[in-house]
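Chemist: Here you go, target.cif (mmCIF, C-alpha atoms and all ligand atoms):
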data_query
#
loop_
_atom_site.label_atom_id
_atom_site.label_comp_id
_atom_site.auth_asym_id
_atom_site.auth_seq_id
_atom_site.Cartn_x
_atom_site.Cartn_y
_atom_site.Cartn_z
CA MET A 1 -18.52 -7.21 18.29
CA LYS A 2 -16.42 -4.15 19.21
CA LEU A 3 -13.12 -2.66 18.15
CA THR A 4 -10.91 -0.17 19.97
CA ILE A 5 -8.92 2.26 17.81
CA GLY A 6 -5.75 3.59 19.46
CA TYR A 7 -5.40 7.15 18.15
CA LEU A 8 -1.70 7.92 18.63
CA TYR A 9 -0.80 11.54 19.49
CA GLY A 10 -4.00 12.87 17.88
CA ASP A 11 -3.64 16.12 19.85
CA CYS A 12 -0.21 16.96 18.43
CA MET A 13 0.05 14.97 15.19
CA ASN A 14 -3.11 16.11 13.45
CA ILE A 15 -2.37 18.11 10.32
CA TYR A 16 -3.88 17.67 6.84
CA GLY A 17 -7.19 16.23 8.07
CA ASP A 18 -5.82 12.81 8.99
CA ARG A 19 -8.52 12.49 11.68
CA GLY A 20 -10.85 11.70 8.75
CA ASN A 21 -9.31 8.20 8.73
CA ILE A 22 -10.59 7.59 12.27
CA ILE A 23 -14.09 8.70 11.19
CA ALA A 24 -14.05 6.42 8.14
CA LEU A 25 -12.98 3.40 10.21
CA GLN A 26 -15.54 4.23 12.92
CA LYS A 27 -18.47 4.68 10.51
CA ARG A 28 -17.77 1.67 8.29
CA ALA A 29 -17.60 -0.51 11.40
CA GLN A 30 -20.68 1.02 13.06
CA TRP A 31 -22.74 0.72 9.84
CA ARG A 32 -22.13 -2.99 10.18
CA GLY A 33 -23.22 -3.10 13.81
CA ILE A 34 -19.67 -3.25 15.18
CA GLY A 35 -19.13 -1.10 18.29
CA VAL A 36 -16.18 1.31 18.18
CA GLU A 37 -14.23 3.00 20.95
CA VAL A 38 -11.53 5.59 20.10
CA LYS A 39 -8.79 5.69 22.74
CA ASN A 40 -6.56 8.78 22.59
CA ILE A 41 -2.97 7.86 23.44
CA SER A 42 -0.62 10.84 23.65
CA LEU A 43 2.35 12.33 25.52
CA LYS A 44 2.87 10.69 28.95
CA ASP A 45 -0.16 8.35 28.48
CA LYS A 46 0.27 4.73 29.38
CA LEU A 47 -0.33 1.95 26.82
CA LYS A 48 -0.94 -1.67 27.76
CA ALA A 49 -0.55 -4.58 25.37
CA GLY A 50 -3.89 -5.94 24.21
CA GLU A 51 -5.98 -2.82 24.94
CA VAL A 52 -6.02 -1.59 21.32
CA ASP A 53 -7.27 -3.48 18.25
CA LEU A 54 -5.97 -1.05 15.63
CA PHE A 55 -3.52 1.87 15.78
CA PHE A 56 -3.76 5.14 13.84
CA PHE A 57 -0.84 7.63 13.76
CA GLY A 58 -1.28 10.80 11.67
CA GLY A 59 1.05 13.40 10.23
CA GLY A 60 2.53 16.29 12.15
CA GLN A 61 4.99 19.15 11.92
CA ASP A 62 8.68 18.57 12.66
CA GLN A 63 8.45 20.28 16.06
CA ALA A 64 5.71 17.89 17.21
CA GLN A 65 7.68 14.95 15.82
CA ALA A 66 10.62 15.79 18.10
CA LEU A 67 8.35 15.69 21.18
CA VAL A 68 6.61 12.50 20.07
CA ALA A 69 9.86 10.68 19.20
CA LYS A 70 11.10 11.38 22.74
CA ASP A 71 7.84 10.19 24.30
CA LEU A 72 7.68 7.00 22.23
CA GLU A 73 11.15 6.08 23.51
CA GLU A 74 10.92 7.27 27.14
CA SER A 75 7.38 6.02 27.84
CA GLY A 76 8.04 2.60 26.33
CA LYS A 77 4.98 3.00 24.06
CA GLY A 78 7.18 2.52 20.97
CA LYS A 79 8.27 -0.91 22.18
CA ILE A 80 4.70 -1.98 22.99
CA ILE A 81 3.39 -0.79 19.61
CA LYS A 82 6.12 -2.82 17.91
CA GLU A 83 5.21 -5.94 19.93
CA GLU A 84 1.51 -5.50 19.11
CA ILE A 85 2.27 -5.24 15.38
CA GLU A 86 4.36 -8.41 15.63
CA ARG A 87 1.24 -10.29 16.82
CA GLY A 88 -0.70 -8.94 13.83
CA VAL A 89 -2.50 -5.86 15.19
CA PRO A 90 -3.24 -3.55 12.22
CA LEU A 91 -1.83 -0.03 12.09
CA LEU A 92 -2.17 2.89 9.67
CA SER A 93 0.42 5.67 9.87
CA ILE A 94 0.67 8.75 7.67
CA CYS A 95 3.67 10.96 6.85
CA GLY A 96 5.17 12.27 10.13
CA GLY A 97 3.72 9.30 12.03
CA TYR A 98 5.09 6.87 9.41
CA GLN A 99 8.51 8.52 9.61
CA LEU A 100 8.70 7.98 13.38
CA LEU A 101 7.94 4.27 12.98
CA GLY A 102 11.05 3.73 10.85
CA GLU A 103 14.70 3.64 12.00
CA TYR A 104 15.01 7.44 12.21
CA TYR A 105 13.86 10.79 10.84
CA LYS A 106 16.61 13.38 10.21
CA PRO A 107 15.01 16.86 10.15
CA HIS A 108 16.73 19.84 8.50
CA ASP A 109 17.79 21.29 11.83
CA GLY A 110 18.97 19.28 14.76
CA PRO A 111 19.92 15.65 15.35
CA LYS A 112 18.25 12.49 14.01
CA LEU A 113 14.99 11.62 15.76
CA PRO A 114 15.09 7.94 16.76
CA GLY A 115 12.25 5.87 15.32
CA VAL A 116 10.50 2.78 16.68
CA ASN A 117 12.20 0.54 14.09
CA LEU A 118 8.91 -1.03 13.09
CA PHE A 119 9.28 -0.36 9.36
CA PRO A 120 12.67 -1.08 7.72
CA VAL A 121 12.94 2.48 6.42
CA TYR A 122 14.76 5.73 7.23
CA THR A 123 13.81 9.32 6.38
CA VAL A 124 15.86 12.43 5.64
CA ALA A 125 14.36 15.91 5.29
CA SER A 126 14.94 17.30 1.79
CA TYR A 127 14.68 20.77 0.23
CA ASP A 128 11.99 19.54 -2.18
CA ARG A 129 8.40 19.89 -1.01
CA MET A 130 6.46 16.92 -2.43
CA ILE A 131 2.87 18.15 -2.68
CA GLY A 132 -0.14 17.05 -4.71
CA ASN A 133 -2.58 14.30 -5.54
CA ILE A 134 -1.11 10.82 -5.67
CA ILE A 135 -2.25 7.51 -7.19
CA VAL A 136 -0.68 4.29 -5.96
CA LYS A 137 -1.03 0.75 -7.36
CA LEU A 138 -1.42 -1.92 -4.69
CA THR A 139 -1.57 -5.60 -5.63
CA ASP A 140 -5.37 -5.58 -6.00
CA GLN A 141 -6.45 -1.94 -6.30
CA LEU A 142 -5.47 1.64 -7.10
CA ILE A 143 -5.70 4.02 -4.14
CA VAL A 144 -5.71 7.82 -4.19
CA GLY A 145 -4.51 10.40 -1.70
CA PHE A 146 -2.88 13.80 -1.26
CA GLU A 147 0.73 14.16 -0.19
CA ASN A 148 2.57 17.05 1.43
CA HIS A 149 6.02 16.27 2.77
CA SER A 150 9.68 17.24 2.48
CA GLY A 151 10.94 14.06 4.09
CA LYS A 152 12.36 11.45 1.71
CA THR A 153 11.88 7.89 2.96
CA TYR A 154 14.05 5.04 1.72
CA LEU A 155 13.31 1.33 2.12
CA LYS A 156 16.10 -0.71 3.74
CA GLU A 157 17.02 -4.30 2.77
CA GLY A 158 13.86 -6.42 2.94
CA GLY A 159 11.51 -3.42 3.21
CA GLN A 160 8.26 -4.00 1.28
CA PRO A 161 6.64 -0.95 -0.32
CA LEU A 162 2.88 -0.50 0.10
CA GLY A 163 2.67 0.06 -3.63
CA LYS A 164 3.98 1.58 -6.82
CA VAL A 165 3.54 5.28 -7.56
CA ILE A 166 1.45 5.78 -10.71
CA LYS A 167 1.18 9.58 -10.31
CA GLY A 168 2.86 11.72 -7.65
CA PHE A 169 6.06 11.43 -5.58
CA GLY A 170 5.53 8.72 -2.95
CA ASN A 171 8.33 7.80 -0.51
CA ASN A 172 11.02 9.95 -2.10
CA GLY A 173 10.13 11.01 -5.66
CA GLU A 174 12.99 8.85 -6.94
CA ASP A 175 12.32 5.09 -6.77
CA HIS A 176 8.56 5.09 -7.52
CA THR A 177 7.77 3.34 -4.26
CA GLU A 178 5.11 4.58 -1.87
CA GLY A 179 4.89 3.67 1.79
CA CYS A 180 5.82 0.44 3.50
CA ILE A 181 3.86 -2.58 4.69
CA TYR A 182 4.95 -4.95 7.43
CA LYS A 183 2.50 -7.66 8.58
CA ASN A 184 -0.77 -5.69 9.01
CA ALA A 185 0.97 -2.36 9.59
CA VAL A 186 0.95 0.29 6.86
CA GLY A 187 2.96 3.48 6.59
CA CYS A 188 2.39 5.93 3.76
CA TYR A 189 2.37 9.59 2.69
CA MET A 190 -1.28 9.75 1.69
CA HIS A 191 -3.18 12.44 3.51
CA GLY A 192 -6.47 13.58 2.13
CA SER A 193 -7.69 12.01 4.30
CA LEU A 194 -6.88 8.68 2.77
CA LEU A 195 -9.57 6.23 3.89
CA PRO A 196 -12.85 8.08 3.12
CA LYS A 197 -12.01 8.01 -0.62
CA ASN A 198 -10.75 4.40 -0.57
CA PRO A 199 -13.56 2.33 1.02
CA GLN A 200 -12.00 -1.02 0.05
CA PHE A 201 -8.79 -0.05 1.86
CA THR A 202 -10.78 1.00 4.95
CA ASP A 203 -12.51 -2.39 4.94
CA TRP A 204 -9.12 -4.13 4.65
CA PHE A 205 -8.16 -2.69 8.04
CA ILE A 206 -11.52 -3.56 9.66
CA GLN A 207 -11.33 -7.10 8.28
CA LYS A 208 -7.81 -7.55 9.68
CA VAL A 209 -8.94 -6.34 13.11
CA LEU A 210 -11.77 -8.90 13.21
CA ASP A 211 -9.54 -11.72 11.93
CA ILE A 212 -6.95 -11.08 14.64
CA LYS A 213 -9.34 -10.21 17.50
CA TYR A 214 -11.88 -13.00 16.97
CA GLY A 215 -9.55 -15.52 15.40
CA LYS A 216 -11.93 -16.36 12.57
CA LYS A 217 -13.00 -15.01 9.18
CA ILE A 218 -15.98 -12.71 9.77
CA LYS A 219 -17.48 -11.57 6.46
CA LEU A 220 -18.08 -7.81 6.28
CA SER A 221 -21.56 -7.02 4.90
CA PRO A 222 -21.50 -4.84 1.76
CA LEU A 223 -22.28 -1.10 2.12
CA ASP A 224 -23.63 1.46 -0.35
CA ASP A 225 -20.31 3.03 -1.43
CA ASP A 226 -21.78 5.33 -4.06
CA LEU A 227 -20.54 8.57 -2.45
CA GLU A 228 -17.09 7.17 -1.63
CA ILE A 229 -16.66 5.89 -5.18
CA LYS A 230 -17.70 9.29 -6.58
CA ALA A 231 -15.01 10.94 -4.38
CA TYR A 232 -12.47 8.33 -5.53
CA GLN A 233 -13.27 8.82 -9.22
CA THR A 234 -13.11 12.61 -8.87
CA ALA A 235 -9.64 12.30 -7.33
CA ILE A 236 -8.49 9.98 -10.15
CA SER A 237 -9.98 12.31 -12.79
CA ARG A 238 -7.83 15.19 -11.45
CA PHE A 239 -4.95 13.55 -13.27
CA GLY A 240 -6.83 14.00 -16.56
N1 LIG A 301 8.36 15.60 8.64
C1 LIG A 301 7.17 15.72 7.83
C2 LIG A 301 7.64 16.09 6.40
O1 LIG A 301 8.35 15.31 5.83
C3 LIG A 301 6.18 16.63 8.42
C4 LIG A 301 4.95 16.93 7.59
C5 LIG A 301 3.88 15.84 7.62
O2 LIG A 301 3.73 15.01 8.52
N2 LIG A 301 2.98 15.93 6.60
O3 LIG A 301 7.34 17.09 5.83
#
Do you think you could lay out the structure here as structure tokens?
Modeler:
Amino acid sequence: MKLTIGYLYGDCMNIYGDRGNIIALQKRAQWRGIGVEVKNISLKDKLKAGEVDLFFFGGGQDQAQALVAKDLEESGKGKIIKEEIERGVPLLSICGGYQLLGEYYKPHDGPKLPGVNLFPVYTVASYDRMIGNIIVKLTDQLIVGFENHSGKTYLKEGGQPLGKVIKGFGNNGEDHTEGCIYKNAVGCYMHGSLLPKNPQFTDWFIQKVLDIKYGKKIKLSPLDDDLEIKAYQTAISRFG
């Protein structure tokens, strides 16, 4: 078996160590004998439907977001990503990447940046900087991360949050929601990087890839998660 990770704009949207998510996905697949190819997809690159099994889109500064928003629209990559998600391809997006997959991101200076309209959300830059460790309750687990954003994201009608904020700010520091989930696509504010400390969540993405790509339930063999769980518990303990 093999999976191809489409690393979206990794050369310009790569702050706060989000590349660690690619490494976690790669390793947890390879440790199970699954081959992994990482395909960098950035400004001006072409993207064909079906060539990627999972997308990753990290956070980035506002300047980079302006360039990327333009490229997503002009290159047609935004439309293809949306179509791929509709057929169930998994995606993880963090902060600036997440913001560009909504309806729009309105930075402090300058006009609204058009989003891909994948997630039913919109984002407006605020004068609050939301920084710190964050704990979020999903339906079946607590996940931990680190957030650092000024953008406030609001769910539109029908938008489903990824989870409920237990500690931290989340989407906007107001409605206790964090992130958004649509089919197998996830947007959230959890840097850190997120996946190395949340092995179950990493495996959720790998499982979804295999379900969609091979059209059958392939059981993931268990791994020794001792180190990951220690990192997770340390992050949780930071809240005292
Ligand atoms: N626009 C983002 C913000 O809300 C940029 C920072 C990020 O991606 N972490 O701050």
Chemist: How would you write, as a PyMOL selection string, the set of residues no farther than 6 Å from ligand LIG 301 (chain A) when counting all atoms listed in the file?
Modeler: chain A and resi 59-62+95-96+148-151
Chemist: Tell me, as a list in words, which residues lie within 9 Å of Met1 of chain A, counting only C-alpha atoms; anything in the same chain fewer than 6 positions away does not count.
Modeler: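 Contacts, in chain order: Gly33, Ile34, Gly35, Val36, Leu210 and Tyr214 of chain A.
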Chemist: Extract, using all atoms listed in the file, all DNA, RNA and protein residues at most 12 Å from segment 162-178 of chain A, discarding same-chain residues fewer than 4 positions from it, and format them as a PDB file with C-alpha atoms, in the coordinates of the input.
Modeler:
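Full text of out-v6.pdb as output:
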ATOM      1  CA  LEU A  92      -2.170   2.890   9.670  1.00  0.00           C
ATOM      2  CA  SER A  93       0.420   5.670   9.870  1.00  0.00           C
ATOM      3  CA  ILE A  94       0.670   8.750   7.670  1.00  0.00           C
ATOM      4  CA  CYS A  95       3.670  10.960   6.850  1.00  0.00           C
ATOM      5  CA  GLY A  96       5.170  12.270  10.130  1.00  0.00           C
ATOM      6  CA  TYR A  98       5.090   6.870   9.410  1.00  0.00           C
ATOM      7  CA  GLN A  99       8.510   8.520   9.610  1.00  0.00           C
ATOM      8  CA  PHE A 119       9.280  -0.360   9.360  1.00  0.00           C
ATOM      9  CA  VAL A 121      12.940   2.480   6.420  1.00  0.00           C
ATOM     10  CA  TYR A 122      14.760   5.730   7.230  1.00  0.00           C
ATOM     11  CA  THR A 123      13.810   9.320   6.380  1.00  0.00           C
ATOM     12  CA  VAL A 124      15.860  12.430   5.640  1.00  0.00           C
ATOM     13  CA  ALA A 125      14.360  15.910   5.290  1.00  0.00           C
ATOM     14  CA  SER A 126      14.940  17.300   1.790  1.00  0.00           C
ATOM     15  CA  TYR A 127      14.680  20.770   0.230  1.00  0.00           C
ATOM     16  CA  ASP A 128      11.990  19.540  -2.180  1.00  0.00           C
ATOM     17  CA  ARG A 129       8.400  19.890  -1.010  1.00  0.00           C
ATOM     18  CA  MET A 130       6.460  16.920  -2.430  1.00  0.00           C
ATOM     19  CA  ILE A 131       2.870  18.150  -2.680  1.00  0.00           C
ATOM     20  CA  GLY A 132      -0.140  17.050  -4.710  1.00  0.00           C
ATOM     21  CA  ASN A 133      -2.580  14.300  -5.540  1.00  0.00           C
ATOM     22  CA  ILE A 134      -1.110  10.820  -5.670  1.00  0.00           C
ATOM     23  CA  ILE A 135      -2.250   7.510  -7.190  1.00  0.00           C
ATOM     24  CA  VAL A 136      -0.680   4.290  -5.960  1.00  0.00           C
ATOM     25  CA  LYS A 137      -1.030   0.750  -7.360  1.00  0.00           C
ATOM     26  CA  LEU A 138      -1.420  -1.920  -4.690  1.00  0.00           C
ATOM     27  CA  THR A 139      -1.570  -5.600  -5.630  1.00  0.00           C
ATOM     28  CA  ASP A 140      -5.370  -5.580  -6.000  1.00  0.00           C
ATOM     29  CA  GLN A 141      -6.450  -1.940  -6.300  1.00  0.00           C
ATOM     30  CA  LEU A 142      -5.470   1.640  -7.100  1.00  0.00           C
ATOM     31  CA  ILE A 143      -5.700   4.020  -4.140  1.00  0.00           C
ATOM     32  CA  VAL A 144      -5.710   7.820  -4.190  1.00  0.00           C
ATOM     33  CA  GLY A 145      -4.510  10.400  -1.700  1.00  0.00           C
ATOM     34  CA  PHE A 146      -2.880  13.800  -1.260  1.00  0.00           C
ATOM     35  CA  GLU A 147       0.730  14.160  -0.190  1.00  0.00           C
ATOM     36  CA  ASN A 148       2.570  17.050   1.430  1.00  0.00           C
ATOM     37  CA  HIS A 149       6.020  16.270   2.770  1.00  0.00           C
ATOM     38  CA  SER A 150       9.680  17.240   2.480  1.00  0.00           C
ATOM     39  CA  GLY A 151      10.940  14.060   4.090  1.00  0.00           C
ATOM     40  CA  LYS A 152      12.360  11.450   1.710  1.00  0.00           C
ATOM     41  CA  THR A 153      11.880   7.890   2.960  1.00  0.00           C
ATOM     42  CA  TYR A 154      14.050   5.040   1.720  1.00  0.00           C
ATOM     43  CA  LEU A 155      13.310   1.330   2.120  1.00  0.00           C
ATOM     44  CA  TYR A 182       4.950  -4.950   7.430  1.00  0.00           C
ATOM     45  CA  LYS A 183       2.500  -7.660   8.580  1.00  0.00           C
ATOM     46  CA  ASN A 184      -0.770  -5.690   9.010  1.00  0.00           C
ATOM     47  CA  ALA A 185       0.970  -2.360   9.590  1.00  0.00           C
ATOM     48  CA  VAL A 186       0.950   0.290   6.860  1.00  0.00           C
ATOM     49  CA  GLY A 187       2.960   3.480   6.590  1.00  0.00           C
ATOM     50  CA  CYS A 188       2.390   5.930   3.760  1.00  0.00           C
ATOM     51  CA  TYR A 189       2.370   9.590   2.690  1.00  0.00           C
ATOM     52  CA  MET A 190      -1.280   9.750   1.690  1.00  0.00           C
ATOM     53  CA  HIS A 191      -3.180  12.440   3.510  1.00  0.00           C
ATOM     54  CA  PHE A 201      -8.790  -0.050   1.860  1.00  0.00           C
ATOM     55  CA  ALA A 235      -9.640  12.300  -7.330  1.00  0.00           C
ATOM     56  CA  ILE A 236      -8.490   9.980 -10.150  1.00  0.00           C
ATOM     57  CA  SER A 237      -9.980  12.310 -12.790  1.00  0.00           C
ATOM     58  CA  ARG A 238      -7.830  15.190 -11.450  1.00  0.00           C
ATOM     59  CA  PHE A 239      -4.950  13.550 -13.270  1.00  0.00           C
ATOM     60  CA  GLY A 240      -6.830  14.000 -16.560  1.00  0.00           C
TER      61      GLY A 240
END
Chemist: Give me the residues within 10 Å of Glu37 of chain A as a ChimeraX atom specification, counting all atoms listed in the file and dropping any in the same chain fewer than 3 places off.
Modeler: /A:2-6,26,40,52-53
Chemist: For Leu195 of chain A, which residue out of A:Leu113, A:Ala24, A:Ile212, A:Val68 is the nearest one, using only C-alpha atoms?
Modeler: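 When distances to Leu195 of chain A are compared using only C-alpha atoms, the smallest one comes from A:Ala24.
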Chemist: Would you list the residues near (4.6, 18.6, 15.8), meaning any protein, DNA or RNA residue with an atom at most 12 Å from that point in file coordinates, counting only C-alpha atoms, as a list in words?
Modeler: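 The residues that fall inside the cut-off are Tyr9, Gly10, Asp11, Cys12, Met13, Asn14, Ile15, Leu43, Gly58, Gly59, Gly60, Gln61, Asp62, Gln63, Ala64, Gln65, Ala66, Leu67, Val68, Ala69, Lys70, Cys95, Gly96, Gly97, Leu100 and Pro107 of chain A.
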Chemist: Write out the residues from the selection above, keeping C-alpha atoms, as a PDB file, in the frame of the given file.
Modeler:
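The result, written out as part34.pdb:
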ATOM      1  CA  TYR A   9      -0.800  11.540  19.490  1.00  0.00           C
ATOM      2  CA  GLY A  10      -4.000  12.870  17.880  1.00  0.00           C
ATOM      3  CA  ASP A  11      -3.640  16.120  19.850  1.00  0.00           C
ATOM      4  CA  CYS A  12      -0.210  16.960  18.430  1.00  0.00           C
ATOM      5  CA  MET A  13       0.050  14.970  15.190  1.00  0.00           C
ATOM      6  CA  ASN A  14      -3.110  16.110  13.450  1.00  0.00           C
ATOM      7  CA  ILE A  15      -2.370  18.110  10.320  1.00  0.00           C
ATOM      8  CA  LEU A  43       2.350  12.330  25.520  1.00  0.00           C
ATOM      9  CA  GLY A  58      -1.280  10.800  11.670  1.00  0.00           C
ATOM     10  CA  GLY A  59       1.050  13.400  10.230  1.00  0.00           C
ATOM     11  CA  GLY A  60       2.530  16.290  12.150  1.00  0.00           C
ATOM     12  CA  GLN A  61       4.990  19.150  11.920  1.00  0.00           C
ATOM     13  CA  ASP A  62       8.680  18.570  12.660  1.00  0.00           C
ATOM     14  CA  GLN A  63       8.450  20.280  16.060  1.00  0.00           C
ATOM     15  CA  ALA A  64       5.710  17.890  17.210  1.00  0.00           C
ATOM     16  CA  GLN A  65       7.680  14.950  15.820  1.00  0.00           C
ATOM     17  CA  ALA A  66      10.620  15.790  18.100  1.00  0.00           C
ATOM     18  CA  LEU A  67       8.350  15.690  21.180  1.00  0.00           C
ATOM     19  CA  VAL A  68       6.610  12.500  20.070  1.00  0.00           C
ATOM     20  CA  ALA A  69       9.860  10.680  19.200  1.00  0.00           C
ATOM     21  CA  LYS A  70      11.100  11.380  22.740  1.00  0.00           C
ATOM     22  CA  CYS A  95       3.670  10.960   6.850  1.00  0.00           C
ATOM     23  CA  GLY A  96       5.170  12.270  10.130  1.00  0.00           C
ATOM     24  CA  GLY A  97       3.720   9.300  12.030  1.00  0.00           C
ATOM     25  CA  LEU A 100       8.700   7.980  13.380  1.00  0.00           C
ATOM     26  CA  PRO A 107      15.010  16.860  10.150  1.00  0.00           C
TER      27      PRO A 107
END
Chemist: Any idea what the distance is between atom CA of Gln160 of chain A and atom CA of Leu220 of chain A?
Modeler: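 Atom CA of Leu220 of chain A lies 27.1 Å from atom CA of Gln160 of chain A.
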Chemist: Place a sphere of radius 9 Å on (-11.4, 13.2, 4.2) in the file coordinates and name every protein, DNA or RNA residue with an atom inside or on its surface, counting only C-alpha atoms; give the answer as a VMD selection string.
Modeler: chain A and resid 17 to 21 23 to 24 191 to 197
Chemist: For a quick check of understanding, using all atoms listed in the file, which of A:Asn198, A:Gln30, A:Asn117, A:Thr234 has the smallest distance to Ile85 of chain A?
Modeler: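 With all atoms listed in the file as the atom set, the closest residue is A:Asn117.
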Chemist: For each of A:Pro199, A:Glu73, A:Lys79, A:Lys39, take the minimum atom-to-atom distance to Ala231 of chain A, counting all atoms listed in the file, then give the residue where this is smallest.
Modeler: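 With all atoms listed in the file as the atom set, the closest residue is A:Pro199.
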Chemist: By how many Å are atom CA of Asp71 of chain A and atom CA of Leu54 of chain A apart?
Modeler: 19.8 Å
Chemist: Find the residue from A:Asp203, A:Asp45, A:Asp224, A:Glu103 that sits nearest to Ser75 of chain A; use all atoms listed in the file when measuring.
Modeler: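 The shortest atom-to-atom distance to Ser75 of chain A comes from A:Asp45.
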Chemist: How many Å lie between atom CA of Phe56 of chain A and atom CA of Gly110 of chain A, rounded to one decimal?
Modeler: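 If I compute the distance from atom CA of Phe56 of chain A to atom CA of Gly110 of chain A, I get 26.8 Å.
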Chemist: How would segment 185-203 of chain A read, as a short mmCIF file (atom, residue, chain, number, x, y, z; two decimals), in the frame of the given file, once N, CA and C atoms are built in?
Modeler:
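Writing done, so here's result_29.cif:
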data_model
loop_
_atom_site.label_atom_id
_atom_site.label_comp_id
_atom_site.auth_asym_id
_atom_site.auth_seq_id
_atom_site.Cartn_x
_atom_site.Cartn_y
_atom_site.Cartn_z
N ALA A 185 0.68 -3.78 9.32
CA ALA A 185 0.97 -2.36 9.59
C ALA A 185 1.33 -1.67 8.28
N VAL A 186 0.74 -0.49 8.09
CA VAL A 186 0.95 0.29 6.86
C VAL A 186 1.45 1.68 7.21
N GLY A 187 2.50 2.10 6.51
CA GLY A 187 2.96 3.48 6.59
C GLY A 187 2.86 4.06 5.19
N CYS A 188 2.46 5.31 5.10
CA CYS A 188 2.39 5.93 3.76
C CYS A 188 2.35 7.45 3.88
N TYR A 189 2.38 8.12 2.73
CA TYR A 189 2.37 9.59 2.69
C TYR A 189 1.02 10.14 2.27
N MET A 190 -0.01 9.30 2.26
CA MET A 190 -1.28 9.75 1.69
C MET A 190 -2.23 10.35 2.72
N HIS A 191 -2.18 11.71 2.71
CA HIS A 191 -3.18 12.44 3.51
C HIS A 191 -4.48 12.50 2.72
N GLY A 192 -5.32 13.42 3.04
CA GLY A 192 -6.47 13.58 2.13
C GLY A 192 -7.77 13.91 2.83
N SER A 193 -8.33 13.18 3.72
CA SER A 193 -7.69 12.01 4.30
C SER A 193 -7.92 10.79 3.43
N LEU A 194 -7.02 9.85 3.65
CA LEU A 194 -6.88 8.68 2.77
C LEU A 194 -8.12 7.78 2.73
N LEU A 195 -8.59 7.33 3.89
CA LEU A 195 -9.57 6.23 3.89
C LEU A 195 -10.96 6.59 3.35
N PRO A 196 -11.49 7.81 3.61
CA PRO A 196 -12.85 8.08 3.12
C PRO A 196 -12.99 7.89 1.60
N LYS A 197 -11.92 8.13 0.85
CA LYS A 197 -12.01 8.01 -0.62
C LYS A 197 -11.65 6.60 -1.09
N ASN A 198 -11.20 5.75 -0.18
CA ASN A 198 -10.75 4.40 -0.57
C ASN A 198 -11.45 3.36 0.33
N PRO A 199 -12.77 3.18 0.11
CA PRO A 199 -13.56 2.33 1.02
C PRO A 199 -13.05 0.90 1.13
N GLN A 200 -12.51 0.36 0.00
CA GLN A 200 -12.00 -1.02 0.05
C GLN A 200 -10.83 -1.12 1.01
N PHE A 201 -9.99 -0.05 1.02
CA PHE A 201 -8.79 -0.05 1.86
C PHE A 201 -9.21 0.07 3.33
N THR A 202 -10.25 0.88 3.59
CA THR A 202 -10.78 1.00 4.95
C THR A 202 -11.23 -0.37 5.43
N ASP A 203 -11.99 -1.06 4.56
CA ASP A 203 -12.51 -2.39 4.94
C ASP A 203 -11.40 -3.40 5.15
#
